[in-house]
$ cat target37.tsv   # TSV, C-alpha atoms and all ligand atoms
chain	number	residue	atom	x	y	z
A	1	MET	CA	49.91	-10.51	-15.20
A	2	ASN	CA	50.01	-8.79	-18.56
A	3	ILE	CA	49.97	-5.07	-19.06
A	4	PHE	CA	46.33	-4.91	-20.21
A	5	ARG	CA	45.10	-6.71	-17.17
A	6	ARG	CA	47.18	-4.49	-14.87
A	7	THR	CA	45.91	-1.33	-16.54
A	8	PHE	CA	42.33	-2.61	-16.30
A	9	ILE	CA	42.62	-3.34	-12.58
A	10	ALA	CA	44.22	0.04	-11.91
A	11	ALA	CA	41.43	1.76	-13.83
A	12	CYS	CA	38.77	-0.07	-11.82
A	13	ALA	CA	40.46	0.87	-8.56
A	14	ALA	CA	40.65	4.50	-9.60
A	15	ALA	CA	36.99	4.49	-10.63
A	16	ALA	CA	36.03	2.92	-7.30
A	17	LEU	CA	37.92	5.59	-5.38
A	18	ALA	CA	36.38	8.38	-7.41
A	19	ASP	CA	32.82	7.13	-7.07
A	20	PRO	CA	31.59	5.84	-3.73
A	21	LEU	CA	28.58	4.22	-5.42
A	22	ALA	CA	30.87	2.18	-7.66
A	23	ALA	CA	33.02	1.30	-4.64
A	24	ALA	CA	29.99	-0.12	-2.88
A	25	ALA	CA	28.88	-1.89	-6.06
A	26	ALA	CA	32.21	-3.73	-6.17
A	27	ASP	CA	31.15	-5.67	-3.04
A	28	ILE	CA	27.72	-6.52	-4.40
A	29	LYS	CA	26.98	-10.05	-5.59
A	30	PRO	CA	24.67	-10.66	-8.55
A	31	HIS	CA	21.04	-10.91	-7.43
A	32	LEU	CA	17.74	-11.34	-9.16
A	33	ILE	CA	14.89	-9.84	-7.15
A	34	ARG	CA	11.38	-11.04	-7.91
A	35	PHE	CA	9.21	-8.07	-6.92
A	36	GLY	CA	5.48	-8.81	-7.02
A	37	TYR	CA	2.50	-6.46	-6.84
A	38	GLY	CA	-1.26	-6.64	-7.31
A	39	LEU	CA	-2.22	-3.76	-9.59
A	40	ASN	CA	-1.34	-3.47	-13.27
A	41	GLU	CA	1.76	-1.89	-14.80
A	42	GLN	CA	-0.12	1.30	-15.76
A	43	SER	CA	-1.17	1.98	-12.14
A	44	ASN	CA	0.50	4.23	-9.58
A	45	GLN	CA	1.79	1.01	-7.98
A	46	GLY	CA	3.33	-0.17	-11.24
A	47	ARG	CA	4.98	3.20	-11.92
A	48	ALA	CA	6.60	3.30	-8.48
A	49	VAL	CA	7.87	-0.29	-8.70
A	50	LYS	CA	9.58	0.76	-11.92
A	51	VAL	CA	11.28	3.70	-10.21
A	52	PHE	CA	12.46	1.36	-7.45
A	53	ALA	CA	13.80	-1.16	-9.96
A	54	GLU	CA	15.72	1.47	-11.92
A	55	GLN	CA	17.39	2.90	-8.85
A	56	VAL	CA	18.40	-0.56	-7.53
A	57	GLU	CA	19.99	-1.50	-10.84
A	58	LYS	CA	21.85	1.81	-11.09
A	59	ALA	CA	23.11	1.93	-7.50
A	60	SER	CA	24.31	-1.68	-7.63
A	61	GLY	CA	26.15	-1.18	-10.89
A	62	GLY	CA	23.72	-3.55	-12.60
A	63	LYS	CA	24.39	-6.45	-10.22
A	64	MET	CA	21.02	-6.35	-8.48
A	65	LYS	CA	18.25	-6.78	-11.02
A	66	VAL	CA	14.59	-6.33	-10.20
A	67	ARG	CA	12.05	-8.37	-12.11
A	68	ALA	CA	8.81	-6.47	-11.51
A	69	ILE	CA	5.79	-8.77	-11.76
A	70	GLY	CA	2.42	-7.01	-11.56
A	71	ALA	CA	-1.29	-7.86	-11.84
A	72	ALA	CA	-0.97	-10.45	-9.06
A	73	ALA	CA	0.78	-12.83	-11.48
A	74	LEU	CA	2.76	-14.13	-8.47
A	75	GLY	CA	-0.43	-14.38	-6.40
A	76	SER	CA	-2.63	-12.24	-4.17
A	77	ASP	CA	-1.14	-10.08	-1.40
A	78	VAL	CA	-1.65	-12.91	1.11
A	79	GLN	CA	-0.06	-15.53	-1.14
A	80	MET	CA	2.95	-13.31	-1.84
A	81	GLN	CA	3.45	-12.60	1.88
A	82	GLN	CA	3.69	-16.35	2.45
A	83	ALA	CA	6.15	-16.73	-0.44
A	84	LEU	CA	8.36	-14.03	1.11
A	85	ILE	CA	8.26	-15.70	4.53
A	86	GLY	CA	9.22	-19.04	2.96
A	87	GLY	CA	11.97	-17.44	0.87
A	88	ALA	CA	10.42	-18.37	-2.49
A	89	GLN	CA	10.08	-14.69	-3.49
A	90	GLU	CA	12.28	-11.72	-2.56
A	91	MET	CA	10.06	-8.62	-2.52
A	92	MET	CA	6.52	-7.28	-2.89
A	93	VAL	CA	4.32	-4.28	-2.26
A	94	GLY	CA	0.75	-4.60	-1.02
A	95	SER	CA	-1.81	-3.31	1.42
A	96	THR	CA	-1.01	-3.22	5.12
A	97	ALA	CA	-4.60	-4.42	5.61
A	98	THR	CA	-3.90	-7.82	4.07
A	99	LEU	CA	-0.93	-8.27	6.46
A	100	VAL	CA	-3.01	-8.11	9.64
A	101	GLY	CA	-3.42	-11.89	9.81
A	102	ILE	CA	0.38	-12.14	10.14
A	103	SER	CA	1.23	-8.98	12.09
A	104	LYS	CA	-1.70	-7.73	14.16
A	105	GLU	CA	-0.28	-4.23	14.81
A	106	MET	CA	-0.89	-3.41	11.12
A	107	ALA	CA	-4.58	-3.11	12.04
A	108	LEU	CA	-3.86	0.36	13.39
A	109	TRP	CA	-3.95	1.61	9.79
A	110	ASP	CA	-7.43	0.11	9.29
A	111	THR	CA	-8.98	2.45	11.84
A	112	PRO	CA	-11.82	4.24	10.03
A	113	PHE	CA	-11.23	8.00	9.68
A	114	LEU	CA	-7.87	7.74	11.51
A	115	PHE	CA	-6.21	10.44	9.39
A	116	ASN	CA	-7.89	13.63	8.20
A	117	ASN	CA	-5.37	14.32	5.46
A	118	THR	CA	-2.18	13.05	3.85
A	119	LYS	CA	-0.01	15.33	6.04
A	120	GLU	CA	-1.18	13.47	9.11
A	121	ALA	CA	-0.73	10.12	7.38
A	122	ASP	CA	2.87	10.90	6.36
A	123	ALA	CA	3.79	12.20	9.83
A	124	VAL	CA	2.47	9.15	11.69
A	125	LEU	CA	3.52	6.49	9.16
A	126	ASP	CA	7.06	7.89	8.82
A	127	GLY	CA	7.34	8.69	12.54
A	128	PRO	CA	7.97	6.53	15.63
A	129	VAL	CA	4.51	4.88	15.56
A	130	GLY	CA	4.90	3.76	11.94
A	131	GLN	CA	8.35	2.42	12.76
A	132	LYS	CA	7.07	0.47	15.78
A	133	VAL	CA	4.53	-1.26	13.56
A	134	ILE	CA	7.24	-2.09	11.00
A	135	ASP	CA	9.56	-3.37	13.75
A	136	LYS	CA	7.08	-6.16	14.51
A	137	LEU	CA	7.61	-7.74	11.08
A	138	PRO	CA	11.04	-9.42	11.39
A	139	GLU	CA	9.82	-11.86	14.03
A	140	LYS	CA	7.27	-12.98	11.41
A	141	GLY	CA	9.86	-13.49	8.70
A	142	LEU	CA	9.39	-10.17	6.89
A	143	VAL	CA	11.27	-6.88	6.66
A	144	GLY	CA	9.26	-3.71	6.00
A	145	LEU	CA	11.14	-0.94	4.19
A	146	VAL	CA	8.69	1.94	3.64
A	147	TYR	CA	5.02	2.82	3.43
A	148	TRP	CA	3.64	3.99	0.12
A	149	GLU	CA	0.26	5.66	-0.37
A	150	ASN	CA	-2.63	3.56	-1.58
A	151	GLY	CA	-4.90	6.44	-0.56
A	152	PHE	CA	-8.22	7.47	0.93
A	153	ARG	CA	-10.80	4.86	0.05
A	154	ASN	CA	-14.16	5.53	-1.60
A	155	LEU	CA	-17.16	3.38	-2.41
A	156	THR	CA	-18.35	2.19	-5.78
A	157	ASN	CA	-21.32	-0.03	-6.59
A	158	SER	CA	-23.73	-0.99	-9.32
A	159	LYS	CA	-27.01	-0.65	-7.36
A	160	ARG	CA	-27.53	2.96	-6.26
A	161	PRO	CA	-25.73	6.11	-5.09
A	162	VAL	CA	-24.88	5.88	-1.40
A	163	ASN	CA	-26.18	9.17	-0.01
A	164	LYS	CA	-26.92	8.00	3.47
A	165	LEU	CA	-25.97	5.18	5.76
A	166	GLU	CA	-29.11	3.19	5.00
A	167	ASP	CA	-28.27	3.07	1.28
A	168	LEU	CA	-25.52	0.57	2.09
A	169	GLY	CA	-28.12	-1.85	3.41
A	170	GLY	CA	-27.87	-5.24	1.73
A	171	ILE	CA	-25.23	-4.21	-0.80
A	172	LYS	CA	-22.87	-7.12	-1.45
A	173	LEU	CA	-19.63	-5.30	-0.85
A	174	ARG	CA	-16.21	-6.80	-1.45
A	175	VAL	CA	-13.77	-5.99	1.35
A	176	MET	CA	-10.09	-6.84	1.75
A	177	GLN	CA	-9.17	-10.02	3.65
A	178	ASN	CA	-9.06	-8.19	6.95
A	179	ILE	CA	-11.15	-8.44	10.09
A	180	VAL	CA	-11.47	-4.68	10.72
A	181	TYR	CA	-12.84	-4.02	7.23
A	182	LEU	CA	-15.22	-6.93	7.57
A	183	ASP	CA	-16.50	-5.66	10.93
A	184	SER	CA	-16.67	-2.05	9.76
A	185	PHE	CA	-18.84	-2.73	6.74
A	186	LYS	CA	-21.06	-5.19	8.56
A	187	THR	CA	-21.55	-2.50	11.20
A	188	LEU	CA	-22.60	-0.10	8.45
A	189	GLY	CA	-25.19	-2.59	7.20
A	190	ALA	CA	-23.52	-3.87	4.05
A	191	ASN	CA	-23.23	-7.54	3.19
A	192	ALA	CA	-19.42	-7.57	3.44
A	193	ILE	CA	-17.59	-10.30	1.52
A	194	PRO	CA	-13.79	-10.70	1.81
A	195	LEU	CA	-12.03	-11.40	-1.51
A	196	PRO	CA	-8.48	-10.97	-2.78
A	197	PHE	CA	-8.01	-7.98	-5.07
A	198	SER	CA	-6.97	-10.27	-7.92
A	199	GLU	CA	-10.52	-11.70	-8.05
A	200	LEU	CA	-12.31	-8.39	-7.70
A	201	PHE	CA	-12.85	-7.27	-11.29
A	202	SER	CA	-14.48	-10.51	-12.35
A	203	ALA	CA	-16.55	-10.64	-9.13
A	204	LEU	CA	-17.93	-7.20	-10.00
A	205	GLU	CA	-18.46	-8.15	-13.62
A	206	THR	CA	-20.39	-11.33	-12.83
A	207	GLY	CA	-22.38	-9.75	-10.00
A	208	THR	CA	-20.89	-11.99	-7.31
A	209	VAL	CA	-20.52	-8.66	-5.51
A	210	ASP	CA	-22.28	-5.33	-6.16
A	211	GLY	CA	-19.57	-3.01	-4.99
A	212	GLN	CA	-16.15	-2.40	-3.54
A	213	GLU	CA	-14.09	0.36	-2.00
A	214	ASN	CA	-10.69	1.65	-3.12
A	215	PRO	CA	-8.92	4.96	-3.84
A	216	PHE	CA	-9.90	6.83	-7.04
A	217	ASN	CA	-6.51	5.91	-8.54
A	218	THR	CA	-7.29	2.20	-8.38
A	219	ILE	CA	-10.90	2.57	-9.53
A	220	LEU	CA	-9.41	4.22	-12.61
A	221	SER	CA	-6.34	2.05	-13.26
A	222	SER	CA	-8.24	-1.21	-12.68
A	223	LYS	CA	-11.07	0.00	-14.95
A	224	PHE	CA	-13.78	-0.58	-12.35
A	225	TYR	CA	-15.78	2.11	-14.17
A	226	GLU	CA	-16.52	-0.55	-16.79
A	227	VAL	CA	-18.47	-2.61	-14.27
A	228	GLN	CA	-19.59	-0.02	-11.67
A	229	LYS	CA	-22.05	2.84	-12.08
A	230	TYR	CA	-21.83	4.83	-8.83
A	231	VAL	CA	-18.95	6.39	-6.92
A	232	SER	CA	-19.74	7.77	-3.49
A	233	VAL	CA	-17.07	9.98	-1.99
A	234	THR	CA	-16.70	8.73	1.57
A	235	ASN	CA	-12.94	8.89	2.32
A	236	HIS	CA	-13.72	6.42	5.08
A	237	VAL	CA	-10.15	5.28	5.66
A	238	TYR	CA	-6.59	6.05	4.56
A	239	SER	CA	-4.96	2.93	3.20
A	240	PRO	CA	-1.16	2.49	3.09
A	241	TRP	CA	0.85	0.09	0.99
A	242	ILE	CA	4.00	-1.42	2.44
A	243	VAL	CA	7.18	-2.50	0.62
A	244	LEU	CA	8.24	-5.88	2.02
A	245	VAL	CA	11.35	-8.04	1.78
A	246	SER	CA	11.76	-11.73	2.61
A	247	LYS	CA	13.76	-11.81	5.86
A	248	LYS	CA	15.29	-15.14	4.89
A	249	TRP	CA	16.75	-13.50	1.80
A	250	TRP	CA	17.53	-10.11	3.44
A	251	ASP	CA	19.68	-11.75	6.12
A	252	GLY	CA	22.00	-13.13	3.44
A	253	LEU	CA	22.67	-9.69	1.92
A	254	SER	CA	25.72	-7.54	2.69
A	255	LYS	CA	25.28	-4.17	4.41
A	256	ASP	CA	25.95	-2.46	1.06
A	257	GLU	CA	23.26	-4.52	-0.64
A	258	GLN	CA	20.76	-3.76	2.11
A	259	LYS	CA	21.57	-0.06	1.77
A	260	VAL	CA	20.94	-0.13	-1.97
A	261	LEU	CA	17.44	-1.47	-1.25
A	262	THR	CA	16.68	0.90	1.63
A	263	ASP	CA	17.79	3.97	-0.32
A	264	ALA	CA	15.82	2.95	-3.40
A	265	ALA	CA	12.75	2.22	-1.27
A	266	GLN	CA	12.87	5.71	0.20
A	267	ALA	CA	13.30	7.32	-3.20
A	268	SER	CA	10.40	5.26	-4.57
A	269	ARG	CA	8.22	6.32	-1.63
A	270	ASP	CA	8.78	10.01	-2.32
A	271	PHE	CA	8.08	9.50	-6.01
A	272	GLU	CA	5.03	7.33	-5.34
A	273	ARG	CA	3.29	9.67	-2.92
A	274	LYS	CA	3.65	12.66	-5.23
A	275	ASP	CA	2.59	10.69	-8.29
A	276	THR	CA	-0.42	9.20	-6.47
A	277	ARG	CA	-1.58	12.57	-5.17
A	278	ASP	CA	-1.24	14.22	-8.58
A	279	GLU	CA	-3.27	11.43	-10.13
A	280	ALA	CA	-5.90	11.37	-7.37
A	281	ALA	CA	-6.52	15.09	-7.85
A	282	LYS	CA	-7.57	14.46	-11.46
A	283	ALA	CA	-9.08	11.01	-11.15
A	284	LEU	CA	-12.59	11.93	-10.11
A	285	ALA	CA	-13.11	14.09	-13.20
A	286	GLU	CA	-11.84	11.20	-15.31
A	287	LEU	CA	-14.21	8.76	-13.68
A	288	LYS	CA	-17.08	11.13	-14.48
A	289	ALA	CA	-15.88	11.37	-18.06
A	290	LYS	CA	-15.92	7.56	-18.19
A	291	GLY	CA	-19.61	7.68	-17.31
A	292	MET	CA	-19.64	7.12	-13.57
A	293	GLN	CA	-22.19	8.96	-11.48
A	294	VAL	CA	-20.48	10.70	-8.57
A	295	ASN	CA	-22.01	11.85	-5.30
A	296	GLU	CA	-20.46	13.35	-2.20
A	297	LEU	CA	-21.70	12.03	1.10
A	298	PRO	CA	-23.31	14.96	3.00
A	299	PRO	CA	-21.28	15.92	6.13
A	300	THR	CA	-24.17	14.90	8.40
A	301	GLU	CA	-24.11	11.41	6.92
A	302	THR	CA	-20.32	11.17	7.18
A	303	ALA	CA	-20.73	12.05	10.85
A	304	ARG	CA	-23.31	9.27	11.30
A	305	MET	CA	-20.96	6.78	9.63
A	306	ARG	CA	-18.08	7.94	11.80
A	307	ASP	CA	-20.19	7.56	14.93
A	308	LYS	CA	-21.23	4.03	14.08
A	309	LEU	CA	-17.67	3.06	13.25
A	310	THR	CA	-16.23	4.21	16.57
A	311	GLN	CA	-17.67	0.86	17.74
A	312	VAL	CA	-14.85	-0.93	15.94
A	313	ASN	CA	-12.12	1.26	17.49
A	314	ALA	CA	-12.16	-0.46	20.87
A	315	GLY	CA	-11.55	-3.79	19.18
A	316	ILE	CA	-8.60	-2.40	17.21
A	317	ALA	CA	-7.07	-0.85	20.35
A	318	ALA	CA	-7.40	-4.15	22.23
A	319	ASN	CA	-5.89	-6.08	19.34
A	320	ILE	CA	-2.84	-3.90	18.70
A	321	GLY	CA	-2.33	-3.07	22.38
A	322	PRO	CA	-3.50	0.06	24.24
A	323	ASP	CA	-0.01	1.65	24.35
A	324	LEU	CA	0.40	1.77	20.58
A	325	TRP	CA	-3.19	2.97	20.16
A	326	LYS	CA	-2.70	5.79	22.69
A	327	GLU	CA	0.62	6.82	21.20
A	328	ALA	CA	-0.96	7.17	17.75
A	329	GLN	CA	-3.84	9.20	19.16
A	330	ALA	CA	-1.44	11.43	21.12
A	331	ASP	CA	0.65	12.08	17.98
A	332	LEU	CA	-2.49	13.03	16.07
A	333	ASP	CA	-3.65	15.35	18.88
A	334	LYS	CA	-0.25	17.07	18.79
A	335	LEU	CA	-0.35	17.44	15.01
A	336	ARG	CA	-3.86	18.87	15.15
A	337	ALA	CA	-2.99	21.33	17.95
A	338	LYS	CA	-0.06	22.71	15.93
A	339	LYS	CA	-2.16	24.57	13.37
B	1	LIG	C1	-3.38	-4.71	-4.37
B	1	LIG	C2	-4.27	-4.47	-3.15
B	1	LIG	C3	-5.11	-3.21	-3.31
B	1	LIG	C4	-6.04	-2.99	-2.12
B	1	LIG	C5	-7.25	-3.91	-2.18
B	1	LIG	O1	-2.77	-5.95	-4.29
B	1	LIG	O2	-7.08	-5.12	-2.08
B	1	LIG	O3	-8.37	-3.41	-2.33
B	1	LIG	O4	-6.47	-1.67	-2.06
B	1	LIG	O5	-4.25	-2.12	-3.44
B	1	LIG	O6	-3.44	-4.40	-2.00
$ encode --input "target37.tsv" --output "structure tokens" --more "lines below"
Ligand code: TK8
Amino acid sequence: MNIFRRTFIAACAAAALADPLAAAAADIKPHLIRFGYGLNEQSNQGRAVKVFAEQVEKASGGKMKVRAIGAAALGSDVQMQQALIGGAQEMMVGSTATLVGISKEMALWDTPFLFNNTKEADAVLDGPVGQKVIDKLPEKGLVGLVYWENGFRNLTNSKRPVNKLEDLGGIKLRVMQNIVYLDSFKTLGANAIPLPFSELFSALETGTVDGQENPFNTILSSKFYEVQKYVSVTNHVYSPWIVLVSKKWWDGLSKDEQKVLTDAAQASRDFERKDTRDEAAKALAELKAKGMQVNELPPTETARMRDKLTQVNAGIAANIGPDLWKEAQADLDKLRAKK
């Protein structure tokens, strides 16, 4: 061994001792992570994927590289979930709602008006109930790392402002590929049509559907204001996103590599929720500026909607199991009693 090589090895060892991150990185094998998502790069989803990617590269000393692929270029949520299960793709982020066909407990998050505010959402999603739902994924071939915020969903359409329940009558409304959403909007009188998000813009543009529902952030970042006239503020459900890993791939990683991903996922969650909330606070004004006509649903009409939708709750409870349902309700009761 020549002197240069010896000096180099000694320097690496010293650096590894001085920096625990570098020490861990020494055990990390080179990896390329294909990370797919449905929204575009300029969206809150795209920004948070970038934060995740940067942290993974840094913490792994450049050995784990994330190739972020947005705008559903790797497929819809449902297609990507299948690719993860099969091991053809490493990671993704998407709606919990589109996962219900694979993991039925995810339907808890589809309960209309489940959370009154983001505080409640964070507490339940990051608490024992959220973890129990995530713990059901490995048996399906997926690992769930964290929940991000998609947000409270609101209605848009091209026909008329929805001021009362009856205004939804006959509106061809795109819903996610999820049984609870389908039931909910049928119950409210809309003509609910399930479609993947990746087909939504053109379906709105061509009139295949008249309307859709999503958080203000998405209505803005996906430019739905170009093809929709009315926004009705309904906040009918809080929608989470979930960061998923292929279990097939995850099982082959070292503990250090798994930790790099878990830590980065948590950091991206904190970034994402703050970023999403900051944007949501300004988004409605921007949508108005883009020419959309905004109306708030009167409280009496929200109450009527809520009443009608309690019909779907029994089905959700039966589907996810009464214990999980009751535990979520008990946690919410406790949170609400605290104030
Ligand atoms: C993005 C979707 C989207 C969701 C939807 O892939 O489909 O309406 O809100 O965020 O998961």
$ atom_distance --input "target37.tsv" --atom1 "atom CA of Asp331 of chain A" --atom2 "atom CA of Val124 of chain A"
7.2 Å
$ residues_near_ligand --input "target37.tsv" --ligand "ligand LIG 1 (chain B)" --cutoff "6 Å" --atoms "all atoms listed in the file" --output "list in words"
Tyr37, Gly38, Leu39, Asp77, Gly94, Ser95, Met176, Phe197 and Asn214 of chain A
$ closest_residue --input "target37.tsv" --among "A:Thr302, A:Ser254, A:Gln89, A:Thr208" --to "His236 of chain A" --atoms "all atoms listed in the file"
A:Thr302
$ atom_distance --input "target37.tsv" --atom1 "atom CA of Ile85 of chain A" --atom2 "atom CA of Leu142 of chain A"
6.1 Å
$ closest_atom_pairs --input "target37.tsv" --of "segment 182-286 of chain A" --to "segment 47-53 of chain A" --cutoff "9 Å" --atoms "only C-alpha atoms" --output "tab-separated table"
residue	atom	partner	partner_atom	distance
A:Leu261	CA	A:Phe52	CA	8.4
A:Ala264	CA	A:Phe52	CA	5.5
A:Ala265	CA	A:Phe52	CA	6.2
A:Gln266	CA	A:Phe52	CA	8.8
A:Ala267	CA	A:Phe52	CA	7.4
A:Ser268	CA	A:Phe52	CA	5.3
A:Arg269	CA	A:Ala48	CA	7.7
A:Phe271	CA	A:Ala48	CA	6.8
A:Glu272	CA	A:Ala48	CA	5.3
A:Asp275	CA	A:Ala48	CA	8.4
$ residues_near_point --input "target37.tsv" --point "(1.9, 5.2, 0.2)" --cutoff "12 Å" --atoms "only C-alpha atoms" --output "count of residues only"
41
$ atom_distance --input "target37.tsv" --atom1 "atom CA of Ile193 of chain A" --atom2 "atom CA of Ser222 of chain A"
19.3 Å
$ closest_residue --input "target37.tsv" --among "A:Leu173, A:Leu155, A:Val143, A:Ile33" --to "Thr218 of chain A" --atoms "only C-alpha atoms"
A:Leu155
$ closest_residue --input "target37.tsv" --among "A:Leu137, A:Val231, A:Val260, A:Ala190" --to "Val294 of chain A" --atoms "only C-alpha atoms"
A:Val231
$ residues_around --input "target37.tsv" --residues "Ile28 of chain A" --least-positions-apart "5" --cutoff "8 Å" --atoms "only C-alpha atoms" --output "list in words"
Ser60, Lys63, Met64, Ser254, Asp256 and Glu257 of chain A
$ write_last_selection --input "target37.tsv" --atoms "C-alpha atoms" --output "CSV table (one decimal), in the frame of the given file"
chain,number,residue,atom,x,y,z
A,60,SER,CA,24.3,-1.7,-7.6
A,63,LYS,CA,24.4,-6.4,-10.2
A,64,MET,CA,21.0,-6.4,-8.5
A,254,SER,CA,25.7,-7.5,2.7
A,256,ASP,CA,26.0,-2.5,1.1
A,257,GLU,CA,23.3,-4.5,-0.6
$ closest_residue --input "target37.tsv" --among "A:Leu108, A:Leu114, A:Ala71, A:Val245" --to "Met91 of chain A" --atoms "only C-alpha atoms"
A:Val245
$ closest_residue --input "target37.tsv" --among "A:Asp210, A:Asp135, A:Asp110, A:Glu90" --to "Arg34 of chain A" --atoms "only C-alpha atoms"
A:Glu90
$ residues_around --input "target37.tsv" --residues "Lys132 of chain A" --least-positions-apart "4" --cutoff "9 Å" --atoms "only C-alpha atoms" --output "PyMOL selection string"
chain A and resi 105+127-128+136+324
$ write_last_selection --input "target37.tsv" --atoms "C-alpha atoms" --output "PDB file, keeping the file's coordinate frame"
ATOM      1  CA  GLU A 105      -0.280  -4.230  14.810  1.00  0.00           C
ATOM      2  CA  GLY A 127       7.340   8.690  12.540  1.00  0.00           C
ATOM      3  CA  PRO A 128       7.970   6.530  15.630  1.00  0.00           C
ATOM      4  CA  LYS A 136       7.080  -6.160  14.510  1.00  0.00           C
ATOM      5  CA  LEU A 324       0.400   1.770  20.580  1.00  0.00           C
TER       6      LEU A 324
END
$ residues_around --input "target37.tsv" --residues "Asn217 of chain A" --least-positions-apart "3" --cutoff "8 Å" --atoms "all atoms listed in the file" --output "list in words"
Ser43, Asn44, Leu220, Ser221, Thr276, Glu279, Ala280 and Ala283 of chain A
$ axis_aligned_box --input "target37.tsv" --around "segment 86-101 of chain A" --padding-each-side "5 Å" --output "JSON"
{"center_x": 3.8, "center_y": -11.1, "center_z": 3.2, "size_x": 26.9, "size_y": 25.8, "size_z": 23.3}
$ residues_around --input "target37.tsv" --residues "segment 156-171 of chain A" --least-positions-apart "3" --cutoff "9 Å" --atoms "only C-alpha atoms" --output "number ranges by chain"
A: 185, 188-192, 204, 207, 209-214, 219, 224-225, 227-233, 293-298, 300-302, 304-305
$ write_last_selection --input "target37.tsv" --atoms "C-alpha atoms" --output "PDB file, in the frame of the given file"
ATOM      1  CA  PHE A 185     -18.840  -2.730   6.740  1.00  0.00           C
ATOM      2  CA  LEU A 188     -22.600  -0.100   8.450  1.00  0.00           C
ATOM      3  CA  GLY A 189     -25.190  -2.590   7.200  1.00  0.00           C
ATOM      4  CA  ALA A 190     -23.520  -3.870   4.050  1.00  0.00           C
ATOM      5  CA  ASN A 191     -23.230  -7.540   3.190  1.00  0.00           C
ATOM      6  CA  ALA A 192     -19.420  -7.570   3.440  1.00  0.00           C
ATOM      7  CA  LEU A 204     -17.930  -7.200 -10.000  1.00  0.00           C
ATOM      8  CA  GLY A 207     -22.380  -9.750 -10.000  1.00  0.00           C
ATOM      9  CA  VAL A 209     -20.520  -8.660  -5.510  1.00  0.00           C
ATOM     10  CA  ASP A 210     -22.280  -5.330  -6.160  1.00  0.00           C
ATOM     11  CA  GLY A 211     -19.570  -3.010  -4.990  1.00  0.00           C
ATOM     12  CA  GLN A 212     -16.150  -2.400  -3.540  1.00  0.00           C
ATOM     13  CA  GLU A 213     -14.090   0.360  -2.000  1.00  0.00           C
ATOM     14  CA  ASN A 214     -10.690   1.650  -3.120  1.00  0.00           C
ATOM     15  CA  ILE A 219     -10.900   2.570  -9.530  1.00  0.00           C
ATOM     16  CA  PHE A 224     -13.780  -0.580 -12.350  1.00  0.00           C
ATOM     17  CA  TYR A 225     -15.780   2.110 -14.170  1.00  0.00           C
ATOM     18  CA  VAL A 227     -18.470  -2.610 -14.270  1.00  0.00           C
ATOM     19  CA  GLN A 228     -19.590  -0.020 -11.670  1.00  0.00           C
ATOM     20  CA  LYS A 229     -22.050   2.840 -12.080  1.00  0.00           C
ATOM     21  CA  TYR A 230     -21.830   4.830  -8.830  1.00  0.00           C
ATOM     22  CA  VAL A 231     -18.950   6.390  -6.920  1.00  0.00           C
ATOM     23  CA  SER A 232     -19.740   7.770  -3.490  1.00  0.00           C
ATOM     24  CA  VAL A 233     -17.070   9.980  -1.990  1.00  0.00           C
ATOM     25  CA  GLN A 293     -22.190   8.960 -11.480  1.00  0.00           C
ATOM     26  CA  VAL A 294     -20.480  10.700  -8.570  1.00  0.00           C
ATOM     27  CA  ASN A 295     -22.010  11.850  -5.300  1.00  0.00           C
ATOM     28  CA  GLU A 296     -20.460  13.350  -2.200  1.00  0.00           C
ATOM     29  CA  LEU A 297     -21.700  12.030   1.100  1.00  0.00           C
ATOM     30  CA  PRO A 298     -23.310  14.960   3.000  1.00  0.00           C
ATOM     31  CA  THR A 300     -24.170  14.900   8.400  1.00  0.00           C
ATOM     32  CA  GLU A 301     -24.110  11.410   6.920  1.00  0.00           C
ATOM     33  CA  THR A 302     -20.320  11.170   7.180  1.00  0.00           C
ATOM     34  CA  ARG A 304     -23.310   9.270  11.300  1.00  0.00           C
ATOM     35  CA  MET A 305     -20.960   6.780   9.630  1.00  0.00           C
TER      36      MET A 305
END
$ build_atoms --input "target37.tsv" --residues "segment 68-75 of chain A" --atoms "N, CA and C atoms" --output "mmCIF file, in the frame of the given file"
data_model
loop_
_atom_site.group_PDB
_atom_site.id
_atom_site.type_symbol
_atom_site.label_atom_id
_atom_site.label_comp_id
_atom_site.auth_asym_id
_atom_site.auth_seq_id
_atom_site.Cartn_x
_atom_site.Cartn_y
_atom_site.Cartn_z
ATOM 1 N N ALA A 68 10.093 -6.951 -12.036
ATOM 2 C CA ALA A 68 8.810 -6.470 -11.510
ATOM 3 C C ALA A 68 7.686 -7.305 -12.127
ATOM 4 N N ILE A 69 6.859 -7.892 -11.276
ATOM 5 C CA ILE A 69 5.790 -8.770 -11.760
ATOM 6 C C ILE A 69 4.456 -8.304 -11.178
ATOM 7 N N GLY A 70 3.660 -7.625 -12.020
ATOM 8 C CA GLY A 70 2.420 -7.010 -11.560
ATOM 9 C C GLY A 70 1.198 -7.873 -11.795
ATOM 10 N N ALA A 71 0.012 -7.231 -11.584
ATOM 11 C CA ALA A 71 -1.290 -7.860 -11.840
ATOM 12 C C ALA A 71 -1.461 -9.185 -11.094
ATOM 13 N N ALA A 72 -0.843 -9.269 -9.917
ATOM 14 C CA ALA A 72 -0.970 -10.450 -9.060
ATOM 15 C C ALA A 72 -0.567 -11.746 -9.773
ATOM 16 N N ALA A 73 0.335 -11.626 -10.764
ATOM 17 C CA ALA A 73 0.780 -12.830 -11.480
ATOM 18 C C ALA A 73 1.556 -13.776 -10.554
ATOM 19 N N LEU A 74 2.108 -13.251 -9.454
ATOM 20 C CA LEU A 74 2.760 -14.130 -8.470
ATOM 21 C C LEU A 74 1.803 -14.509 -7.339
ATOM 22 N N GLY A 75 0.548 -14.052 -7.435
ATOM 23 C CA GLY A 75 -0.430 -14.380 -6.400
ATOM 24 C C GLY A 75 -0.993 -13.130 -5.747
#
